[in-house]
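What follows is input_38.cif (mmCIF, C-alpha atoms).
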data_target
loop_
_atom_site.label_atom_id
_atom_site.label_comp_id
_atom_site.auth_asym_id
_atom_site.auth_seq_id
_atom_site.Cartn_x
_atom_site.Cartn_y
_atom_site.Cartn_z
CA ALA M 1 -40.79 20.75 97.25
CA TYR M 2 -43.47 23.32 98.01
CA THR M 3 -46.76 24.46 96.58
CA THR M 4 -49.63 26.56 97.86
CA SER M 5 -52.16 24.58 95.82
CA THR M 6 -54.11 21.66 97.25
CA LEU M 7 -53.18 18.20 96.06
CA ASN M 8 -55.89 15.51 96.38
CA VAL M 9 -55.88 11.73 96.40
CA ASN M 10 -57.30 10.14 93.24
CA GLY M 11 -59.09 6.91 94.24
CA ASP M 12 -59.23 5.07 97.56
CA HIS M 13 -55.94 3.71 98.93
CA ALA M 14 -56.07 1.15 101.76
CA SER M 15 -53.26 1.05 104.29
CA GLY M 16 -50.70 -1.71 103.87
CA THR M 17 -52.56 -3.41 101.02
CA THR M 18 -52.30 -1.17 97.98
CA GLY M 19 -48.54 -1.15 97.91
CA THR M 20 -46.32 1.87 97.71
CA VAL M 21 -47.83 3.84 94.81
CA LEU M 22 -50.11 6.78 95.60
CA THR M 23 -52.24 8.28 92.81
CA VAL M 24 -53.02 11.99 93.06
CA ALA M 25 -54.94 14.69 91.17
CA THR M 26 -55.53 18.47 90.99
CA VAL M 27 -51.85 19.55 91.10
CA ASP M 28 -48.77 18.15 89.38
CA ALA M 29 -47.17 15.93 92.05
CA ARG M 30 -43.70 16.93 90.80
CA LEU M 31 -44.43 20.51 91.92
CA ALA M 32 -45.77 19.52 95.33
CA PHE M 33 -43.49 16.73 96.58
CA ALA M 34 -39.88 15.55 96.41
CA PRO M 35 -38.03 12.47 97.69
CA GLY M 36 -37.82 12.47 101.48
CA ASP M 37 -41.02 14.49 102.01
CA VAL M 38 -43.37 13.12 104.68
CA ILE M 39 -46.99 13.14 103.47
CA HIS M 40 -49.98 13.53 105.78
CA ASP M 41 -53.68 13.79 104.87
CA GLU M 42 -56.15 16.48 105.91
CA ASP M 43 -56.90 14.55 109.14
CA ASP M 44 -53.18 14.64 110.05
CA GLN M 45 -52.82 10.89 109.41
CA LEU M 46 -49.44 9.72 108.14
CA VAL M 47 -49.59 8.50 104.54
CA GLY M 48 -45.88 7.84 104.03
CA THR M 49 -42.47 9.14 103.01
CA VAL M 50 -41.82 9.92 99.35
CA LYS M 51 -39.28 7.66 97.65
CA SER M 52 -39.82 9.15 94.19
CA VAL M 53 -42.25 11.31 92.23
CA ASP M 54 -42.72 9.28 89.08
CA SER M 55 -45.11 11.52 87.12
CA ASP M 56 -47.63 14.30 87.54
CA THR M 57 -50.07 11.80 89.14
CA LYS M 58 -47.92 9.02 90.68
CA ILE M 59 -45.88 9.10 93.89
CA THR M 60 -43.90 6.07 95.10
CA LEU M 61 -43.52 5.78 98.87
CA GLU M 62 -40.63 4.18 100.76
CA ALA M 63 -43.05 1.65 102.34
CA ASN M 64 -46.69 0.62 102.00
CA ILE M 65 -49.28 3.33 102.59
CA ALA M 66 -49.38 3.84 106.37
CA ASN M 67 -53.07 4.78 106.80
CA SER M 68 -56.08 4.40 104.52
CA VAL M 69 -56.70 7.47 102.38
CA ALA M 70 -60.09 8.12 100.74
CA ASP M 71 -60.64 9.56 97.28
CA GLY M 72 -60.52 13.35 97.30
CA LYS M 73 -58.64 13.72 100.60
CA HIS M 74 -56.24 16.66 100.71
CA LEU M 75 -52.56 15.82 101.11
CA TYR M 76 -49.80 17.98 102.47
CA ASN M 77 -46.08 17.88 103.13
CA LEU M 78 -45.36 17.77 106.85
CA ASN M 79 -42.14 19.82 106.47
CA PRO M 80 -42.50 21.77 103.22
CA ILE M 81 -39.41 23.97 103.35
CA VAL M 82 -35.77 23.08 103.87
CA ILE M 83 -33.24 25.89 104.14
CA GLN M 84 -29.58 25.01 103.77
CA CYS M 85 -26.97 27.62 104.60
CA SER M 86 -23.27 27.47 103.90
CA PHE M 87 -20.67 29.93 105.10
CA HIS M 88 -17.11 30.35 103.82
CA GLN M 89 -14.22 32.43 105.09
#

Encoded form using structure tokens:
Amino acid sequence: AYTTSTLNVNGDHASGTTGTVLTVATVDARLAFAPGDVIHDEDDQLVGTVKSVDSDTKITLEANIANSVADGKHLYNLNPIVIQCSFHQ
């Protein structure tokens, strides 16, 4: 998934202790992320890999949150665009 808007964390999330659900604000998470996306914060710290985008504000990660993320931090997709090409004769 791809968006040019900034998506922010909503509430503090401690690494390894808050489980696999990340709460976000400012942009609909379904427009910004998709399963398999790797999320980093504005300090280039790994947050985790998206397992599912459950709603406009909830993202479930494949594992516990990798690094603590403070309220209001900007999140981004490490590899936002995937291009698949297929050729037939």

(message) Which residue is closest to Val21 (chain M)? Choose from M:Ser86, M:Asn77, M:Ser55, M:Thr60 and count all atoms listed in the file.
(response)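 For Val21 (chain M), the nearest of the given residues is M:Thr60.
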
(request) Please evaluate the PyMOL selection byres ((chain M and resi 43-50) around 6) against the displayed coordinates and give the resulting residues as a list in words. (result)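 What the PyMOL selection byres ((chain M and resi 43-50) around 6) grabs from the file is Pro35, Gly36, Asp37, Val38, Ile39, His40, Asp41, Glu42, Lys51, Ser52, Leu61, Glu62, Ile65, Ala66 and Asn67 of chain M.
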
Identify the residues within 12 Å of coordinate (-40.1, 21.2, 96.8) (same frame as the file), considering only C-alpha atoms, and give the answer as an mmCIF file with C-alpha atoms, in the frame of the given file.
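And here is the file that came out, selection_28.cif:
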data_model
loop_
_atom_site.group_PDB
_atom_site.id
_atom_site.type_symbol
_atom_site.label_atom_id
_atom_site.label_comp_id
_atom_site.auth_asym_id
_atom_site.auth_seq_id
_atom_site.Cartn_x
_atom_site.Cartn_y
_atom_site.Cartn_z
ATOM 1 C CA ALA M 1 -40.790 20.750 97.250
ATOM 2 C CA TYR M 2 -43.470 23.320 98.010
ATOM 3 C CA THR M 3 -46.760 24.460 96.580
ATOM 4 C CA THR M 4 -49.630 26.560 97.860
ATOM 5 C CA ASP M 28 -48.770 18.150 89.380
ATOM 6 C CA ALA M 29 -47.170 15.930 92.050
ATOM 7 C CA ARG M 30 -43.700 16.930 90.800
ATOM 8 C CA LEU M 31 -44.430 20.510 91.920
ATOM 9 C CA ALA M 32 -45.770 19.520 95.330
ATOM 10 C CA PHE M 33 -43.490 16.730 96.580
ATOM 11 C CA ALA M 34 -39.880 15.550 96.410
ATOM 12 C CA PRO M 35 -38.030 12.470 97.690
ATOM 13 C CA GLY M 36 -37.820 12.470 101.480
ATOM 14 C CA ASP M 37 -41.020 14.490 102.010
ATOM 15 C CA VAL M 38 -43.370 13.120 104.680
ATOM 16 C CA VAL M 50 -41.820 9.920 99.350
ATOM 17 C CA VAL M 53 -42.250 11.310 92.230
ATOM 18 C CA TYR M 76 -49.800 17.980 102.470
ATOM 19 C CA ASN M 77 -46.080 17.880 103.130
ATOM 20 C CA LEU M 78 -45.360 17.770 106.850
ATOM 21 C CA ASN M 79 -42.140 19.820 106.470
ATOM 22 C CA PRO M 80 -42.500 21.770 103.220
ATOM 23 C CA ILE M 81 -39.410 23.970 103.350
ATOM 24 C CA VAL M 82 -35.770 23.080 103.870
ATOM 25 C CA ILE M 83 -33.240 25.890 104.140
#

(request) Have a look at CA of Asp56 (chain M) and CA of Ser68 (chain M) and let me know their distance in Å, one decimal. (result) 21.4 Å

For region 37-40 of chain M, I'd like the enclosing box, axis-aligned and padded by 4 Å on every side, reported as JSON with centre and edge lengths in Å to one decimal.
{"center_x": -45.5, "center_y": 13.8, "center_z": 103.9, "size_x": 17.0, "size_y": 9.4, "size_z": 11.8}

(message) Please report the interatomic distance between CA of Leu75 (chain M) and CA of Thr57 (chain M) in Å with one decimal.
(response)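 Going from CA of Leu75 (chain M) over to CA of Thr57 (chain M) covers 12.9 Å.
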
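Closest approach to Ala63 (chain M) among M:Gln89, M:Thr26, M:Gln84, M:Gly19 is made by M:Gly19 (distances from all atoms listed in the file).
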
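From CA of Asn64 (chain M) back to CA of Val27 (chain M), the distance works out to 22.4 Å.
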
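Among the candidates M:Ile59, M:Phe87, M:Thr23, M:Asp54, the one nearest to Val9 (chain M) when counting only C-alpha atoms is M:Thr23.
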
(request) Take the PyMOL selection byres ((chain M and resi 73) around 6), apply it to the structure above, and return the hits as a list in words. (result)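 Given this file, the PyMOL selection byres ((chain M and resi 73) around 6) evaluates to Asn8, Val9, Ala70, Asp71, Gly72 and His74 of chain M.
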